[in-house]
>>> print(open('entry_37.pdb').read())   # PDB, C-alpha atoms
ATOM      1  CA  MET A   1      98.161  46.153  82.371
ATOM      2  CA  ASN A   2      98.188  47.646  78.846
ATOM      3  CA  SER A   3      94.724  46.904  77.442
ATOM      4  CA  LEU A   4      94.578  49.100  74.336
ATOM      5  CA  LYS A   5      93.758  46.078  72.147
ATOM      6  CA  ASP A   6      90.464  45.546  74.019
ATOM      7  CA  TRP A   7      88.892  48.704  72.591
ATOM      8  CA  PRO A   8      86.898  48.516  69.326
ATOM      9  CA  GLU A   9      88.832  51.457  67.844
ATOM     10  CA  PRO A  10      92.404  52.729  68.246
ATOM     11  CA  ILE A  11      92.775  54.865  71.360
ATOM     12  CA  VAL A  12      94.137  58.362  70.741
ATOM     13  CA  ARG A  13      95.339  60.320  73.745
ATOM     14  CA  VAL A  14      93.874  63.820  73.769
ATOM     15  CA  GLN A  15      97.067  65.075  75.347
ATOM     16  CA  SER A  16      98.995  63.829  72.294
ATOM     17  CA  LEU A  17      96.611  65.672  69.979
ATOM     18  CA  SER A  18      97.045  68.838  71.991
ATOM     19  CA  ASP A  19     100.835  68.544  72.094
ATOM     20  CA  SER A  20     100.925  68.125  68.296
ATOM     21  CA  ALA A  21      99.631  71.722  67.974
ATOM     22  CA  LEU A  22      96.722  70.844  65.710
ATOM     23  CA  PRO A  23      95.054  74.035  64.427
ATOM     24  CA  LEU A  24      91.596  72.406  64.384
ATOM     25  CA  VAL A  25      89.724  70.001  66.632
ATOM     26  CA  PRO A  26      89.287  66.612  64.904
ATOM     27  CA  ASP A  27      85.701  65.816  63.915
ATOM     28  CA  ARG A  28      85.514  63.034  66.532
ATOM     29  CA  TYR A  29      85.486  65.694  69.272
ATOM     30  CA  ILE A  30      83.105  68.287  67.793
ATOM     31  CA  LYS A  31      79.820  68.306  69.696
ATOM     32  CA  PRO A  32      76.461  68.961  68.016
ATOM     33  CA  PRO A  33      75.496  72.659  68.417
ATOM     34  CA  PRO A  34      73.002  72.068  71.280
ATOM     35  CA  GLU A  35      75.697  70.275  73.302
ATOM     36  CA  ARG A  36      78.510  72.794  72.898
ATOM     37  CA  PRO A  37      79.799  74.939  75.781
ATOM     38  CA  SER A  38      77.169  77.266  77.172
ATOM     39  CA  LEU A  39      77.971  80.915  77.766
ATOM     40  CA  ASN A  40      74.652  82.295  78.922
ATOM     41  CA  SER A  41      73.527  85.464  80.634
ATOM     42  CA  VAL A  42      73.589  84.190  84.224
ATOM     43  CA  PRO A  43      75.250  86.935  86.357
ATOM     44  CA  SER A  44      78.896  86.176  87.057
ATOM     45  CA  ASP A  45      78.376  86.553  90.820
ATOM     46  CA  VAL A  46      75.976  83.565  90.967
ATOM     47  CA  ASN A  47      77.626  80.534  92.537
ATOM     48  CA  ILE A  48      76.737  77.292  94.270
ATOM     49  CA  PRO A  49      76.390  77.549  98.089
ATOM     50  CA  LEU A  50      79.550  77.664 100.218
ATOM     51  CA  ILE A  51      79.253  75.948 103.622
ATOM     52  CA  ASP A  52      81.759  76.157 106.477
ATOM     53  CA  LEU A  53      81.990  72.863 108.390
ATOM     54  CA  ALA A  54      84.387  74.121 111.086
ATOM     55  CA  ASP A  55      81.873  73.732 113.920
ATOM     56  CA  ILE A  56      80.325  70.463 112.811
ATOM     57  CA  PHE A  57      81.727  68.522 115.774
ATOM     58  CA  ALA A  58      81.154  69.479 119.393
ATOM     59  CA  GLY A  59      83.775  68.514 121.967
ATOM     60  CA  GLU A  60      85.275  65.036 121.836
ATOM     61  CA  SER A  61      82.032  63.153 121.237
ATOM     62  CA  SER A  62      82.002  60.700 118.332
ATOM     63  CA  THR A  63      78.324  61.505 117.788
ATOM     64  CA  LEU A  64      77.711  64.105 115.131
ATOM     65  CA  GLN A  65      76.360  67.332 116.631
ATOM     66  CA  PRO A  66      76.146  69.821 113.771
ATOM     67  CA  GLN A  67      74.770  73.263 114.398
ATOM     68  CA  THR A  68      71.257  73.938 113.171
ATOM     69  CA  THR A  69      72.727  76.501 110.761
ATOM     70  CA  ILE A  70      74.899  73.888 109.052
ATOM     71  CA  LEU A  71      72.004  71.436 108.844
ATOM     72  CA  SER A  72      69.745  74.012 107.234
ATOM     73  CA  GLN A  73      72.459  75.203 104.839
ATOM     74  CA  VAL A  74      73.168  71.661 103.642
ATOM     75  CA  SER A  75      69.463  70.873 103.381
ATOM     76  CA  GLU A  76      68.723  73.937 101.282
ATOM     77  CA  ALA A  77      71.766  73.354  99.049
ATOM     78  CA  CYS A  78      70.740  69.741  98.411
ATOM     79  CA  ARG A  79      67.122  70.620  97.638
ATOM     80  CA  GLU A  80      67.781  73.721  95.547
ATOM     81  CA  TRP A  81      71.060  72.861  93.838
ATOM     82  CA  GLY A  82      72.278  69.300  94.387
ATOM     83  CA  PHE A  83      75.724  70.912  94.673
ATOM     84  CA  PHE A  84      77.597  72.883  97.306
ATOM     85  CA  GLN A  85      81.151  73.678  98.377
ATOM     86  CA  VAL A  86      82.584  72.871 101.798
ATOM     87  CA  VAL A  87      85.529  74.495 103.578
ATOM     88  CA  ASN A  88      87.131  73.647 106.932
ATOM     89  CA  HIS A  89      86.172  70.076 106.156
ATOM     90  CA  GLY A  90      88.934  68.281 108.048
ATOM     91  CA  VAL A  91      91.137  67.410 105.059
ATOM     92  CA  SER A  92      94.562  69.021 105.212
ATOM     93  CA  PRO A  93      95.060  71.787 102.612
ATOM     94  CA  GLU A  94      98.635  70.571 102.179
ATOM     95  CA  LEU A  95      97.365  67.063 101.388
ATOM     96  CA  MET A  96      94.916  68.482  98.847
ATOM     97  CA  ASP A  97      97.739  70.374  97.135
ATOM     98  CA  ARG A  98      99.989  67.300  97.103
ATOM     99  CA  ALA A  99      97.230  65.119  95.657
ATOM    100  CA  ARG A 100      96.603  67.579  92.845
ATOM    101  CA  GLU A 101     100.321  67.944  92.154
ATOM    102  CA  VAL A 102     101.217  64.222  91.992
ATOM    103  CA  TRP A 103      98.510  63.678  89.384
ATOM    104  CA  ARG A 104      99.703  66.699  87.428
ATOM    105  CA  GLU A 105     103.164  65.140  87.445
ATOM    106  CA  PHE A 106     101.750  61.799  86.275
ATOM    107  CA  PHE A 107      99.972  63.297  83.271
ATOM    108  CA  HIS A 108     103.169  65.074  82.234
ATOM    109  CA  LEU A 109     105.224  61.872  82.248
ATOM    110  CA  PRO A 110     106.417  60.499  78.887
ATOM    111  CA  MET A 111     103.573  58.779  77.046
ATOM    112  CA  GLU A 112     105.246  55.366  77.030
ATOM    113  CA  LEU A 113     105.278  55.330  80.846
ATOM    114  CA  LYS A 114     101.605  56.231  81.084
ATOM    115  CA  GLN A 115     100.588  53.721  78.418
ATOM    116  CA  PHE A 116     101.675  50.893  80.717
ATOM    117  CA  TYR A 117      98.531  51.642  82.739
ATOM    118  CA  ALA A 118      96.162  51.835  79.757
ATOM    119  CA  ASN A 119      92.683  50.712  80.748
ATOM    120  CA  SER A 120      90.127  48.439  79.120
ATOM    121  CA  PRO A 121      86.360  48.826  78.615
ATOM    122  CA  GLY A 122      85.866  45.954  81.065
ATOM    123  CA  THR A 123      86.499  47.970  84.250
ATOM    124  CA  TYR A 124      87.868  51.343  83.053
ATOM    125  CA  GLU A 125      90.448  51.121  85.828
ATOM    126  CA  GLY A 126      93.666  52.779  84.750
ATOM    127  CA  TYR A 127      94.701  55.404  82.190
ATOM    128  CA  GLY A 128      91.914  56.185  79.731
ATOM    129  CA  SER A 129      90.682  58.558  77.065
ATOM    130  CA  ARG A 130      87.106  57.464  76.407
ATOM    131  CA  LEU A 131      84.063  55.813  77.947
ATOM    132  CA  GLY A 132      81.830  53.408  76.059
ATOM    133  CA  VAL A 133      82.592  51.219  73.075
ATOM    134  CA  GLU A 134      80.301  52.665  70.417
ATOM    135  CA  LYS A 135      82.186  52.977  67.139
ATOM    136  CA  GLY A 136      82.204  56.492  65.745
ATOM    137  CA  ALA A 137      80.972  58.079  68.985
ATOM    138  CA  ILE A 138      81.665  61.772  69.602
ATOM    139  CA  LEU A 139      84.366  61.899  72.251
ATOM    140  CA  ASP A 140      85.239  64.300  75.081
ATOM    141  CA  TRP A 141      88.384  66.414  74.988
ATOM    142  CA  SER A 142      90.068  64.833  78.017
ATOM    143  CA  ASP A 143      92.147  61.972  79.343
ATOM    144  CA  TYR A 144      91.607  60.451  82.777
ATOM    145  CA  TYR A 145      92.781  57.953  85.380
ATOM    146  CA  PHE A 146      90.283  55.788  87.249
ATOM    147  CA  LEU A 147      90.976  53.548  90.241
ATOM    148  CA  HIS A 148      89.224  51.763  93.094
ATOM    149  CA  TYR A 149      89.880  52.574  96.745
ATOM    150  CA  LEU A 150      87.100  50.619  98.465
ATOM    151  CA  PRO A 151      86.028  47.902  99.034
ATOM    152  CA  THR A 152      89.461  46.462  99.712
ATOM    153  CA  SER A 153      88.613  43.453  97.541
ATOM    154  CA  LEU A 154      88.763  45.768  94.501
ATOM    155  CA  LYS A 155      91.763  47.833  95.605
ATOM    156  CA  ASP A 156      94.842  46.809  93.619
ATOM    157  CA  HIS A 157      97.939  48.949  94.066
ATOM    158  CA  ASN A 158      99.453  47.353  90.969
ATOM    159  CA  LYS A 159      96.930  49.357  88.948
ATOM    160  CA  TRP A 160      97.947  52.582  90.676
ATOM    161  CA  PRO A 161     100.796  54.490  88.989
ATOM    162  CA  SER A 162     104.224  53.871  90.490
ATOM    163  CA  LEU A 163     105.407  57.240  89.168
ATOM    164  CA  PRO A 164     105.824  59.801  90.525
ATOM    165  CA  PRO A 165     107.252  57.790  93.459
ATOM    166  CA  SER A 166     105.060  59.469  96.097
ATOM    167  CA  LEU A 167     101.759  59.022  94.234
ATOM    168  CA  ARG A 168     100.552  55.792  95.832
ATOM    169  CA  GLU A 169     101.270  56.968  99.369
ATOM    170  CA  VAL A 170      99.733  60.412  98.835
ATOM    171  CA  ILE A 171      96.594  59.089  97.158
ATOM    172  CA  ASP A 172      96.121  56.399  99.805
ATOM    173  CA  GLU A 173      96.146  59.076 102.523
ATOM    174  CA  TYR A 174      94.033  61.473 100.466
ATOM    175  CA  SER A 175      91.406  58.836  99.653
ATOM    176  CA  GLY A 176      91.162  57.788 103.289
ATOM    177  CA  GLN A 177      90.514  61.378 104.353
ATOM    178  CA  LEU A 178      87.811  61.812 101.700
ATOM    179  CA  VAL A 179      86.023  58.643 102.773
ATOM    180  CA  LYS A 180      85.894  60.069 106.309
ATOM    181  CA  LEU A 181      84.504  63.359 105.007
ATOM    182  CA  CYS A 182      81.869  61.529 102.964
ATOM    183  CA  GLY A 183      80.878  59.668 106.129
ATOM    184  CA  VAL A 184      80.358  62.958 107.957
ATOM    185  CA  LEU A 185      78.310  64.408 105.100
ATOM    186  CA  MET A 186      76.130  61.297 104.887
ATOM    187  CA  LYS A 187      75.394  61.639 108.614
ATOM    188  CA  VAL A 188      74.306  65.245 108.027
ATOM    189  CA  LEU A 189      72.072  64.166 105.148
ATOM    190  CA  SER A 190      70.564  61.380 107.256
ATOM    191  CA  ILE A 191      69.779  63.767 110.111
ATOM    192  CA  ASN A 192      68.219  66.227 107.663
ATOM    193  CA  LEU A 193      65.960  63.434 106.408
ATOM    194  CA  GLY A 194      64.802  62.669 109.957
ATOM    195  CA  LEU A 195      66.682  59.366 110.043
ATOM    196  CA  GLU A 196      69.282  57.809 112.311
ATOM    197  CA  GLU A 197      72.635  59.356 111.461
ATOM    198  CA  GLU A 198      74.104  56.044 110.199
ATOM    199  CA  TYR A 199      71.160  55.342 107.872
ATOM    200  CA  LEU A 200      72.705  56.381 104.549
ATOM    201  CA  GLN A 201      76.106  54.925 105.420
ATOM    202  CA  ASN A 202      74.444  51.587 106.134
ATOM    203  CA  ALA A 203      72.370  51.831 102.950
ATOM    204  CA  PHE A 204      75.636  52.030 100.989
ATOM    205  CA  GLY A 205      77.182  49.019 102.715
ATOM    206  CA  GLY A 206      78.259  50.278 106.134
ATOM    207  CA  THR A 207      81.942  49.484 106.574
ATOM    208  CA  ASN A 208      81.947  47.773 103.165
ATOM    209  CA  ILE A 209      81.173  50.970 101.287
ATOM    210  CA  GLY A 210      82.459  51.521  97.748
ATOM    211  CA  ALA A 211      84.765  54.420  96.864
ATOM    212  CA  CYS A 212      86.633  55.186  93.670
ATOM    213  CA  LEU A 213      88.728  58.019  92.309
ATOM    214  CA  ARG A 214      88.726  59.574  88.858
ATOM    215  CA  VAL A 215      91.273  62.191  87.836
ATOM    216  CA  ASN A 216      90.432  64.201  84.721
ATOM    217  CA  PHE A 217      93.106  65.895  82.619
ATOM    218  CA  TYR A 218      91.972  68.556  80.154
ATOM    219  CA  PRO A 219      94.703  69.434  77.619
ATOM    220  CA  LYS A 220      94.777  72.780  75.849
ATOM    221  CA  CYS A 221      92.215  72.866  73.039
ATOM    222  CA  PRO A 222      92.541  74.828  69.761
ATOM    223  CA  GLN A 223      88.760  75.328  69.455
ATOM    224  CA  PRO A 224      87.233  75.145  72.942
ATOM    225  CA  ASP A 225      83.909  76.492  71.700
ATOM    226  CA  LEU A 226      83.275  73.293  69.710
ATOM    227  CA  THR A 227      83.916  70.571  72.260
ATOM    228  CA  LEU A 228      83.676  69.684  75.948
ATOM    229  CA  GLY A 229      86.176  68.275  78.399
ATOM    230  CA  LEU A 230      83.356  66.241  79.927
ATOM    231  CA  SER A 231      79.854  65.978  78.500
ATOM    232  CA  SER A 232      76.800  66.917  80.559
ATOM    233  CA  HIS A 233      75.789  64.142  82.950
ATOM    234  CA  SER A 234      74.577  63.273  86.424
ATOM    235  CA  ASP A 235      76.803  61.218  88.709
ATOM    236  CA  PRO A 236      75.456  57.656  89.115
ATOM    237  CA  GLY A 237      76.925  57.047  92.582
ATOM    238  CA  GLY A 238      75.864  58.343  95.970
ATOM    239  CA  MET A 239      78.112  61.363  96.406
ATOM    240  CA  THR A 240      81.020  62.942  94.554
ATOM    241  CA  LEU A 241      83.690  65.118  96.136
ATOM    242  CA  LEU A 242      85.482  67.187  93.499
ATOM    243  CA  LEU A 243      88.867  68.802  94.011
ATOM    244  CA  PRO A 244      88.978  71.462  91.276
ATOM    245  CA  ASP A 245      91.846  73.212  89.575
ATOM    246  CA  GLU A 246      92.114  76.496  91.437
ATOM    247  CA  HIS A 247      93.400  78.378  88.391
ATOM    248  CA  VAL A 248      90.993  77.288  85.648
ATOM    249  CA  SER A 249      87.215  77.363  86.014
ATOM    250  CA  GLY A 250      85.422  74.757  83.983
ATOM    251  CA  LEU A 251      82.719  72.968  85.956
ATOM    252  CA  GLN A 252      79.183  74.075  85.186
ATOM    253  CA  VAL A 253      76.010  72.996  86.998
ATOM    254  CA  ARG A 254      72.508  73.213  85.610
ATOM    255  CA  ARG A 255      69.838  75.100  87.562
ATOM    256  CA  ASN A 256      66.543  76.491  86.289
ATOM    257  CA  ASN A 257      67.532  75.636  82.709
ATOM    258  CA  ASN A 258      70.739  77.681  82.965
ATOM    259  CA  TRP A 259      74.340  76.485  83.081
ATOM    260  CA  ILE A 260      76.222  78.217  85.907
ATOM    261  CA  THR A 261      80.018  78.218  86.058
ATOM    262  CA  VAL A 262      81.235  77.189  89.514
ATOM    263  CA  LYS A 263      83.793  79.501  91.098
ATOM    264  CA  PRO A 264      85.804  77.272  93.467
ATOM    265  CA  ALA A 265      86.764  78.586  96.887
ATOM    266  CA  ARG A 266      90.363  77.987  97.923
ATOM    267  CA  HIS A 267      90.905  74.526  99.421
ATOM    268  CA  ALA A 268      87.208  73.718  99.137
ATOM    269  CA  PHE A 269      85.651  70.483  97.940
ATOM    270  CA  ILE A 270      82.678  70.646  95.599
ATOM    271  CA  VAL A 271      80.006  68.178  96.757
ATOM    272  CA  ASN A 272      77.695  66.656  94.154
ATOM    273  CA  ILE A 273      74.675  64.701  95.358
ATOM    274  CA  GLY A 274      74.535  61.644  93.087
ATOM    275  CA  ASP A 275      71.666  59.708  91.569
ATOM    276  CA  GLN A 276      71.598  57.044  94.289
ATOM    277  CA  ILE A 277      71.134  59.478  97.180
ATOM    278  CA  GLN A 278      68.499  61.325  95.144
ATOM    279  CA  VAL A 279      66.600  58.028  94.795
ATOM    280  CA  LEU A 280      67.128  56.968  98.418
ATOM    281  CA  SER A 281      65.930  60.337  99.733
ATOM    282  CA  ASN A 282      63.002  60.506  97.287
TER
END
>>> encode(input="entry_37.pdb", output="structure tokens")
Amino acid sequence: MNSLKDWPEPIVRVQSLSDSALPLVPDRYIKPPPERPSLNSVPSDVNIPLIDLADIFAGESSTLQPQTTILSQVSEACREWGFFQVVNHGVSPELMDRAREVWREFFHLPMELKQFYANSPGTYEGYGSRLGVEKGAILDWSDYYFLHYLPTSLKDHNKWPSLPPSLREVIDEYSGQLVKLCGVLMKVLSINLGLEEEYLQNAFGGTNIGACLRVNFYPKCPQPDLTLGLSSHSDPGGMTLLLPDEHVSGLQVRRNNNWITVKPARHAFIVNIGDQIQVLSN
């Protein structure tokens, strides 16, 4: 699967740069001043909304029956922020911890084992360190792993790491649970828009929906004030569920021209409404 030769420039793993104990960030990673990390005056207690989904189902019915409170909380969060956190979301906390840990183990494997899964600019599936093929582009201070889960026609376990040994099984279970959670959230969004609860799910393909997973690894940086782990962007898909590192805050969201650092709740997912749902919902 090694596809390093397909890139227009040699691929340098950020983790290797970090491990070499460089005293300075290489020029390729230094952002222009307007794009550097933002430490503004937003009060530290400001955070994206936190929504408890514990009571979202009533009885044994397969029909979604969310409380009015949950509907209004999700609606306000989507309109005012485009981001919110969810707890008691139906995904096992133990599974969340295992998913985070198997990827941590993968990124700490010897480089030669990880390089076997090096990706190409054709699909980006696999182990990567950059997006885009522009020569001389300013790069982000991160490595990543990208893979497809759905549709099944794109799912190829041979492109999933075989080490650590439990990774494929854990990520299969984890991805399946997140697809279910996304289905529930899309029903809530559909109801809030005054539509049939399956409307958004059907708009994204019904049972043939697409789902992918990206794992970002941010190595220690000697000059974190000059670069970014991931440049500012909006997510092009329908919805992103983010499982954050519980020990290191890094994600910022933009609201009212201010960048606000998200403070993750324990065993919460951060929900990001993507470009496609923004367009579909007008």
>>> atom_distance(input="entry_37.pdb", atom1="CA of Ile56 (chain A)", atom2="CA of Glu76 (chain A)")
16.7 Å
>>> resolve_selection(input="entry_37.pdb", expression="the PyMOL selection byres ((chain A and resi 80) around 12)", output="PyMOL selection string")
chain A and resi 48-49+72-79+81-84+253-256+273
>>> resolve_selection(input="entry_37.pdb", expression="the PyMOL selection byres ((chain A and resi 17-27) around 7)", output="PDB file with C-alpha atoms, in the frame of the given file")
ATOM      1  CA  ARG A  13      95.339  60.320  73.745  1.00  0.00           C
ATOM      2  CA  VAL A  14      93.874  63.820  73.769  1.00  0.00           C
ATOM      3  CA  GLN A  15      97.067  65.075  75.347  1.00  0.00           C
ATOM      4  CA  SER A  16      98.995  63.829  72.294  1.00  0.00           C
ATOM      5  CA  ARG A  28      85.514  63.034  66.532  1.00  0.00           C
ATOM      6  CA  TYR A  29      85.486  65.694  69.272  1.00  0.00           C
ATOM      7  CA  ILE A  30      83.105  68.287  67.793  1.00  0.00           C
ATOM      8  CA  PRO A 219      94.703  69.434  77.619  1.00  0.00           C
ATOM      9  CA  LYS A 220      94.777  72.780  75.849  1.00  0.00           C
ATOM     10  CA  CYS A 221      92.215  72.866  73.039  1.00  0.00           C
ATOM     11  CA  PRO A 222      92.541  74.828  69.761  1.00  0.00           C
ATOM     12  CA  GLN A 223      88.760  75.328  69.455  1.00  0.00           C
TER      13      GLN A 223
END
>>> atom_distance(input="entry_37.pdb", atom1="CA of Lys31 (chain A)", atom2="CA of Thr261 (chain A)")
19.1 Å
>>> resolve_selection(input="entry_37.pdb", expression="the PyMOL selection byres ((chain A and resi 111) around 12)", output="number ranges by chain")
A: 12-16, 19, 106-110, 112-118, 127
>>> closest_residue(input="entry_37.pdb", among="A:Ile191, A:Leu200, A:Ile70, A:Met96", to="Tyr174 (chain A)", atoms="all atoms listed in the file")
A:Met96
>>> closest_residue(input="entry_37.pdb", among="A:Gln252, A:Ser190, A:Thr69, A:Asn272", to="Ala203 (chain A)", atoms="only C-alpha atoms")
A:Ser190
>>> closest_atom_pairs(input="entry_37.pdb", of="region 69-142 of chain A", to="region 177-181 of chain A", cutoff="8 Å", atoms="only C-alpha atoms", output="Markdown table")
| residue | atom | partner | partner_atom | distance |
| --- | --- | --- | --- | --- |
| A:His89 | CA | A:Leu181 | CA | 7.0 |
| A:Gly90 | CA | A:Leu181 | CA | 7.3 |
| A:Val91 | CA | A:Gln177 | CA | 6.1 |
>>> residues_near_point(input="entry_37.pdb", point="(87.5, 66.4, 83.2)", cutoff="12 Å", atoms="all atoms listed in the file", output="ChimeraX atom specification")
/A:14,128-130,140-146,214-219,228-233,242-245,248-252
>>> closest_residue(input="entry_37.pdb", among="A:Pro121, A:Pro93, A:Pro151, A:Pro32", to="Asn208 (chain A)", atoms="only C-alpha atoms")
A:Pro151
>>> atom_distance(input="entry_37.pdb", atom1="CA of Thr240 (chain A)", atom2="CA of Leu195 (chain A)")
21.4 Å
>>> closest_residue(input="entry_37.pdb", among="A:Val271, A:Arg100, A:Cys212, A:Ser234", to="Glu246 (chain A)", atoms="only C-alpha atoms")
A:Arg100
>>> closest_residue(input="entry_37.pdb", among="A:Gly132, A:Ser38, A:Glu94, A:Ile51", to="Trp7 (chain A)", atoms="only C-alpha atoms")
A:Gly132
>>> closest_residue(input="entry_37.pdb", among="A:Ile270, A:Leu4, A:Val262, A:Leu71", to="Lys187 (chain A)", atoms="all atoms listed in the file")
A:Leu71
>>> residues_around(input="entry_37.pdb", residues="Phe204 (chain A)", least_positions_apart="3", cutoff="12 Å", atoms="only C-alpha atoms", output="number ranges by chain")
A: 150-151, 182-183, 186, 198-201, 207-211, 237-239, 276-277, 280
>>> decode(input="entry_37.pdb", residues="region 111-135 of chain A", atoms="N, CA and C atoms", output="PDB file, in the first residue's frame")
ATOM      1  N   MET A 111       8.348   3.505  12.895  1.00  0.00           N
ATOM      2  CA  MET A 111       7.983   4.177  11.657  1.00  0.00           C
ATOM      3  C   MET A 111       7.877   3.221  10.479  1.00  0.00           C
ATOM      4  N   GLU A 112       8.768   2.236  10.403  1.00  0.00           N
ATOM      5  CA  GLU A 112       8.738   1.337   9.245  1.00  0.00           C
ATOM      6  C   GLU A 112       7.446   0.525   9.168  1.00  0.00           C
ATOM      7  N   LEU A 113       6.820   0.263  10.314  1.00  0.00           N
ATOM      8  CA  LEU A 113       5.542  -0.456  10.309  1.00  0.00           C
ATOM      9  C   LEU A 113       4.409   0.453   9.844  1.00  0.00           C
ATOM     10  N   LYS A 114       4.453   1.698  10.246  1.00  0.00           N
ATOM     11  CA  LYS A 114       3.408   2.637   9.825  1.00  0.00           C
ATOM     12  C   LYS A 114       3.538   2.993   8.345  1.00  0.00           C
ATOM     13  N   GLN A 115       4.774   3.073   7.858  1.00  0.00           N
ATOM     14  CA  GLN A 115       4.987   3.473   6.471  1.00  0.00           C
ATOM     15  C   GLN A 115       4.368   2.491   5.478  1.00  0.00           C
ATOM     16  N   PHE A 116       4.144   1.269   5.892  1.00  0.00           N
ATOM     17  CA  PHE A 116       3.504   0.285   5.019  1.00  0.00           C
ATOM     18  C   PHE A 116       2.129   0.765   4.564  1.00  0.00           C
ATOM     19  N   TYR A 117       1.495   1.602   5.398  1.00  0.00           N
ATOM     20  CA  TYR A 117       0.146   2.088   5.101  1.00  0.00           C
ATOM     21  C   TYR A 117       0.143   3.512   4.557  1.00  0.00           C
ATOM     22  N   ALA A 118       1.297   3.981   4.075  1.00  0.00           N
ATOM     23  CA  ALA A 118       1.390   5.343   3.554  1.00  0.00           C
ATOM     24  C   ALA A 118       0.352   5.579   2.463  1.00  0.00           C
ATOM     25  N   ASN A 119      -0.290   6.740   2.513  1.00  0.00           N
ATOM     26  CA  ASN A 119      -1.369   7.008   1.562  1.00  0.00           C
ATOM     27  C   ASN A 119      -0.858   7.720   0.313  1.00  0.00           C
ATOM     28  N   SER A 120      -1.782   7.947  -0.609  1.00  0.00           N
ATOM     29  CA  SER A 120      -1.479   8.644  -1.853  1.00  0.00           C
ATOM     30  C   SER A 120      -2.455   9.808  -1.999  1.00  0.00           C
ATOM     31  N   PRO A 121      -2.128  10.799  -2.839  1.00  0.00           N
ATOM     32  CA  PRO A 121      -3.062  11.913  -3.038  1.00  0.00           C
ATOM     33  C   PRO A 121      -4.294  11.522  -3.829  1.00  0.00           C
ATOM     34  N   GLY A 122      -4.358  10.278  -4.304  1.00  0.00           N
ATOM     35  CA  GLY A 122      -5.524   9.835  -5.067  1.00  0.00           C
ATOM     36  C   GLY A 122      -6.763   9.672  -4.211  1.00  0.00           C
ATOM     37  N   THR A 123      -6.625   9.061  -3.029  1.00  0.00           N
ATOM     38  CA  THR A 123      -7.770   8.824  -2.144  1.00  0.00           C
ATOM     39  C   THR A 123      -7.526   9.298  -0.720  1.00  0.00           C
ATOM     40  N   TYR A 124      -6.277   9.519  -0.347  1.00  0.00           N
ATOM     41  CA  TYR A 124      -5.869   9.894   1.006  1.00  0.00           C
ATOM     42  C   TYR A 124      -6.090   8.782   2.020  1.00  0.00           C
ATOM     43  N   GLU A 125      -6.569   7.636   1.588  1.00  0.00           N
ATOM     44  CA  GLU A 125      -6.826   6.560   2.546  1.00  0.00           C
ATOM     45  C   GLU A 125      -5.511   5.958   3.009  1.00  0.00           C
ATOM     46  N   GLY A 126      -5.336   5.910   4.328  1.00  0.00           N
ATOM     47  CA  GLY A 126      -4.110   5.380   4.891  1.00  0.00           C
ATOM     48  C   GLY A 126      -3.414   6.393   5.776  1.00  0.00           C
ATOM     49  N   TYR A 127      -2.106   6.184   5.967  1.00  0.00           N
ATOM     50  CA  TYR A 127      -1.277   6.984   6.869  1.00  0.00           C
ATOM     51  C   TYR A 127      -0.731   8.183   6.112  1.00  0.00           C
ATOM     52  N   GLY A 128      -1.046   9.393   6.581  1.00  0.00           N
ATOM     53  CA  GLY A 128      -0.670  10.589   5.837  1.00  0.00           C
ATOM     54  C   GLY A 128      -0.114  11.695   6.708  1.00  0.00           C
ATOM     55  N   SER A 129       0.450  12.695   6.032  1.00  0.00           N
ATOM     56  CA  SER A 129       1.021  13.844   6.728  1.00  0.00           C
ATOM     57  C   SER A 129       0.715  15.162   6.034  1.00  0.00           C
ATOM     58  N   ARG A 130      -0.029  15.115   4.927  1.00  0.00           N
ATOM     59  CA  ARG A 130      -0.400  16.354   4.258  1.00  0.00           C
ATOM     60  C   ARG A 130      -1.636  16.120   3.403  1.00  0.00           C
ATOM     61  N   LEU A 131      -2.318  17.211   3.072  1.00  0.00           N
ATOM     62  CA  LEU A 131      -3.410  17.191   2.115  1.00  0.00           C
ATOM     63  C   LEU A 131      -3.038  18.135   0.978  1.00  0.00           C
ATOM     64  N   GLY A 132      -3.450  17.796  -0.235  1.00  0.00           N
ATOM     65  CA  GLY A 132      -3.134  18.641  -1.372  1.00  0.00           C
ATOM     66  C   GLY A 132      -1.764  18.341  -1.942  1.00  0.00           C
ATOM     67  N   VAL A 133      -1.560  18.751  -3.172  1.00  0.00           N
ATOM     68  CA  VAL A 133      -0.316  18.421  -3.878  1.00  0.00           C
ATOM     69  C   VAL A 133       0.441  19.673  -4.332  1.00  0.00           C
ATOM     70  N   GLU A 134       0.066  20.816  -3.810  1.00  0.00           N
ATOM     71  CA  GLU A 134       0.757  22.048  -4.195  1.00  0.00           C
ATOM     72  C   GLU A 134       2.191  22.039  -3.671  1.00  0.00           C
ATOM     73  N   LYS A 135       3.144  22.230  -4.564  1.00  0.00           N
ATOM     74  CA  LYS A 135       4.544  22.268  -4.157  1.00  0.00           C
ATOM     75  C   LYS A 135       4.811  23.535  -3.360  1.00  0.00           C
TER      76      LYS A 135
END
